[in-house]
Amino acid sequence: MFTVTTQNGFLPRKDPLVRLPDSFSKLESLLERMPIKNPETGRPGLLASGEFGEAILTELPLYDVDNVHDPALLSALFRDYTFAASAYLLEPCDLRYRATKKDYGIGRLVLPRSIAVPLTKVAQKINSKPFMEYALSYALYNYKRIDPTGDLTYDNLKLIRSFTGMESEKGFILNHVTMVAHSPKLVRHALGVLNTLEAENRSGFDHHMANLNATYQKVNDEMEYMWARSNPADYLDFRTFIMGTKNQPMFPDGVVYEGINNNKPVSHRGESGANDSMVPLADNLLQIKMPENPLTEILRDFRTYRPTDHKTFLELVQIRSNQNNLRQFALGDPNSAALYLANVDQIRAFRHRHWSFTKEYIIKYTEHPVATGGSPIVTWLPNQLMTVLDVIEEVASGIDRSLLTKEHAALVEEIEQRADAQKRVLVRDVQKLKERFPEEAVAPRFQEAVAATA
């Protein structure tokens with residue numbers, strides 16, 4: 001369902017299947033009754049009083065998915081079983097957090113066979129991991145158009161599944177969908193950049209680089225709506241359910257998937273925007289190389305949690321860009337260099353906004369030192385942002401401004417000054433936040449990663 005094309009970009013090639021067939025009616029019923037507050041009726045659901053786990057054990061049969069081959073149904077089953085798995089495992093953590101507003105306690109350490117077996121089988125069929133992912137379940141396969149013929153605009157979208165039924169949860173998820181709605185043009189212009197690069201067609205290259213920059217600007221503009229669509233003070237109320245089982249204190253030894261892997265515990269990263277493919281597309285295309293440190297290893301691990309065709313496409317972009325040395329070609333002409341720099345600056349803007357969200361939605365309200373995906377919350381995003389700021393500084397310093405158009409000269413100056421100021425603020429922020437999140441508060445396996453940015 002996630003074949004990458006210039007028509008759908010990184011979204012599914014067909015809108016998500018909204019409702020499971022009657023043959024999976026018990027699973028459908030449980031998920032409809034699951035949210036803390038039903039978004040349609042406003043009534044309390046199973047998670048409100050901690051009844052979801054017991055309902056799973058008493059109501060959910062072990063469905064046979066061996067003969068399911070339809071891609072849309074497989075994707076819907078993956079989405080729905082991952083929602084059920086996360087709700088089941090993290091329900092005790094949500095109850096504890098709501099009671100204490102401080103910590104999460106311990107989650108359920110065994111995933112029952114009725115979820116574990118079909119989830120694992122479906123995940124294998126679609127070459128995924130048996131846990132909630134950003135594209136395949138939580139966000140990009142979790143929307144419904146109100147008007148089936150209408151565009152993917154926020155006012156034309158509804159959620160299919162949610163944990164809390166909150167308006168802020170809806171805004172958080174669907175804002176990602178409206179951002180990724182711009183990805184078809186990203187794919188189109190990235191391919192245009194590569195094709196003109198290989199043909200050494202400078203004017204065509206500049207044309208597609210300019211359009212790529214304009215499209216990333218639209219993505220960033222859409223990202224800015226997050227503040228209005230999802231209240232920062234509400235985020236922790238649904239964040240619990242998108243936590244992973246890897247590097248999280250709630251699951252010190254992982255989770256046993258009953259009937260799978262000889263009942264040996266396994267661990268998976270939680271849902272994270274780091275699984276998205278739009279920024280990695282730019283990283284690979286523009287040859288933005290991350291430093292070799294444990295934080296970058298976490299980034300690479302995150303990038304395994306995405307649809308197979310996304311991974312294949314991103315790898316192809318990286319190979320073609322490296323074979324033809326896109327950065328060297330771009331820097332071979334001052335105005336091409338300015339367009340290259342403008343695109344890097346859009347990735348800076350994206351990562352800076354992501355870091356701002358982390359500070360305002362999470363760090364402001366919690367002392368939990370680990371992000372949903374299992375990365376150290378203070379240093380992981382700055383690792384990527386600082387790398388982009390370094391690239392801007394290096395590229396801008398090598399451009400001969402006297403050869404630029406007046407417009408491009410002003411653009412380069414503006415980007416350089418903004419990056420310099422942002423770098424100083426970022427260093428100060430991280431140093432200050434390390435006082436609140438000291439290394440000893442982070443799981444031992446993170447300490448090397450935290451120290452890497454000291």
# chains A, B, ... in the order shown; residues from 1 in each chain; ligands from 1
>>> residues_around(residues="range 416-424 of chain A", least_positions_apart="4", cutoff="7 Å", atoms="only C-alpha atoms", output="list in words")
Met386, Leu389, Ile392, Glu393, Ala396, Val412 and Arg428 of chain A
>>> closest_atom_pairs(of="range 49-162 of chain A", to="range 297-318 of chain A", cutoff="7 Å", atoms="only C-alpha atoms", output="tab-separated table")
residue	atom	partner	partner_atom	distance
A:Asn127	CA	A:Thr308	CA	6.5
A:Ser128	CA	A:Pro307	CA	6.9
A:Glu133	CA	A:Tyr305	CA	6.4
A:Ala135	CA	A:Arg306	CA	6.5
A:Leu136	CA	A:Pro307	CA	6.8
>>> write_last_selection(atoms="N, CA and C atoms", output="PDB file, in the first residue's frame")
ATOM      1  N   ASN A 127       6.341  -7.148   5.524  1.00  0.00           N
ATOM      2  CA  ASN A 127       7.756  -6.863   5.783  1.00  0.00           C
ATOM      3  C   ASN A 127       7.942  -5.753   6.807  1.00  0.00           C
ATOM      4  N   SER A 128       7.185  -5.839   7.895  1.00  0.00           N
ATOM      5  CA  SER A 128       7.280  -4.837   8.950  1.00  0.00           C
ATOM      6  C   SER A 128       7.618  -5.502  10.271  1.00  0.00           C
ATOM      7  N   GLU A 133       3.856   1.602  14.032  1.00  0.00           N
ATOM      8  CA  GLU A 133       4.741   2.447  13.237  1.00  0.00           C
ATOM      9  C   GLU A 133       4.011   3.719  12.827  1.00  0.00           C
ATOM     10  N   ALA A 135       3.983   5.376   9.777  1.00  0.00           N
ATOM     11  CA  ALA A 135       3.282   5.359   8.492  1.00  0.00           C
ATOM     12  C   ALA A 135       2.240   4.251   8.436  1.00  0.00           C
ATOM     13  N   LEU A 136       2.632   3.050   8.809  1.00  0.00           N
ATOM     14  CA  LEU A 136       1.798   1.880   8.581  1.00  0.00           C
ATOM     15  C   LEU A 136       0.613   1.749   9.526  1.00  0.00           C
TER      16      LEU A 136
END
>>> select_by_dssp(residues="range 33-193 of chain A", states="strand (DSSP E)", output="list in words")
Val110, Leu111, Tyr143, Lys144, Arg145, Leu157, Lys158 and Leu159 of chain A
>>> write_last_selection(atoms="N, CA and C atoms", output="PDB file, in the first residue's frame")
ATOM      1  N   VAL A 110       3.507  -9.288  28.933  1.00  0.00           N
ATOM      2  CA  VAL A 110       3.159 -10.394  28.042  1.00  0.00           C
ATOM      3  C   VAL A 110       2.025  -9.932  27.134  1.00  0.00           C
ATOM      4  N   LEU A 111       2.231 -10.019  25.824  1.00  0.00           N
ATOM      5  CA  LEU A 111       1.187  -9.706  24.851  1.00  0.00           C
ATOM      6  C   LEU A 111       0.437 -10.993  24.551  1.00  0.00           C
ATOM      7  N   TYR A 143      -6.426   7.687   8.516  1.00  0.00           N
ATOM      8  CA  TYR A 143      -7.277   8.828   8.201  1.00  0.00           C
ATOM      9  C   TYR A 143      -8.416   8.421   7.277  1.00  0.00           C
ATOM     10  N   LYS A 144      -9.490   9.173   7.353  1.00  0.00           N
ATOM     11  CA  LYS A 144     -10.654   8.969   6.493  1.00  0.00           C
ATOM     12  C   LYS A 144     -11.080  10.319   5.936  1.00  0.00           C
ATOM     13  N   ARG A 145     -11.318  10.386   4.631  1.00  0.00           N
ATOM     14  CA  ARG A 145     -11.853  11.617   4.042  1.00  0.00           C
ATOM     15  C   ARG A 145     -13.343  11.718   4.356  1.00  0.00           C
ATOM     16  N   LEU A 157     -10.827  15.655   7.007  1.00  0.00           N
ATOM     17  CA  LEU A 157     -10.261  14.406   7.518  1.00  0.00           C
ATOM     18  C   LEU A 157     -10.817  14.051   8.891  1.00  0.00           C
ATOM     19  N   LYS A 158     -10.969  12.746   9.116  1.00  0.00           N
ATOM     20  CA  LYS A 158     -11.317  12.210  10.427  1.00  0.00           C
ATOM     21  C   LYS A 158     -10.335  11.087  10.747  1.00  0.00           C
ATOM     22  N   LEU A 159     -10.180  10.810  12.041  1.00  0.00           N
ATOM     23  CA  LEU A 159      -9.372   9.671  12.461  1.00  0.00           C
ATOM     24  C   LEU A 159     -10.173   8.377  12.343  1.00  0.00           C
TER      25      LEU A 159
END
>>> atom_distance(atom1="CA of Leu194 in chain A", atom2="CA of Val395 in chain A")
20.0 Å
>>> residues_around(residues="Tyr365 in chain A", least_positions_apart="4", cutoff="10 Å", atoms="only C-alpha atoms", output="short mmCIF file (atom, residue, chain, number, x, y, z; two decimals) with N, CA and C atoms, in the first residue's frame")
data_model
loop_
_atom_site.label_atom_id
_atom_site.label_comp_id
_atom_site.auth_asym_id
_atom_site.auth_seq_id
_atom_site.Cartn_x
_atom_site.Cartn_y
_atom_site.Cartn_z
N LYS A 101 0.70 11.79 37.60
CA LYS A 101 1.24 12.85 36.75
C LYS A 101 2.77 12.92 36.84
N LYS A 102 3.39 11.79 37.21
CA LYS A 102 4.85 11.78 37.38
C LYS A 102 5.51 10.63 36.63
N PRO A 232 -0.34 21.85 23.33
CA PRO A 232 0.83 21.25 23.99
C PRO A 232 0.52 20.65 25.36
N ALA A 233 -0.38 21.27 26.12
CA ALA A 233 -0.70 20.79 27.46
C ALA A 233 -1.44 19.45 27.44
N ASP A 234 -1.99 19.07 26.29
CA ASP A 234 -2.74 17.81 26.18
C ASP A 234 -1.88 16.64 25.74
N TYR A 235 -0.72 16.91 25.22
CA TYR A 235 0.04 15.86 24.53
C TYR A 235 0.35 14.66 25.42
N LEU A 236 0.75 14.92 26.67
CA LEU A 236 1.12 13.80 27.54
C LEU A 236 -0.06 12.91 27.88
N LYS A 359 10.40 20.56 23.18
CA LYS A 359 10.53 21.39 24.39
C LYS A 359 9.17 21.81 24.93
N GLU A 360 8.25 22.20 24.05
CA GLU A 360 6.97 22.75 24.50
C GLU A 360 5.91 21.69 24.79
N TYR A 361 5.94 20.58 24.07
CA TYR A 361 4.93 19.55 24.26
C TYR A 361 5.35 18.50 25.30
#
>>> closest_residue(among="A:Thr372, A:Ser75, A:Ser25, A:Asn284", to="Gln323 in chain A", atoms="only C-alpha atoms")
A:Asn284
>>> closest_residue(among="A:Val344, A:Arg79, A:Glu435, A:Ala338", to="Val378 in chain A", atoms="only C-alpha atoms")
A:Glu435
>>> atom_distance(atom1="CA of Gly53 in chain A", atom2="CA of Ala84 in chain A")
9.3 Å
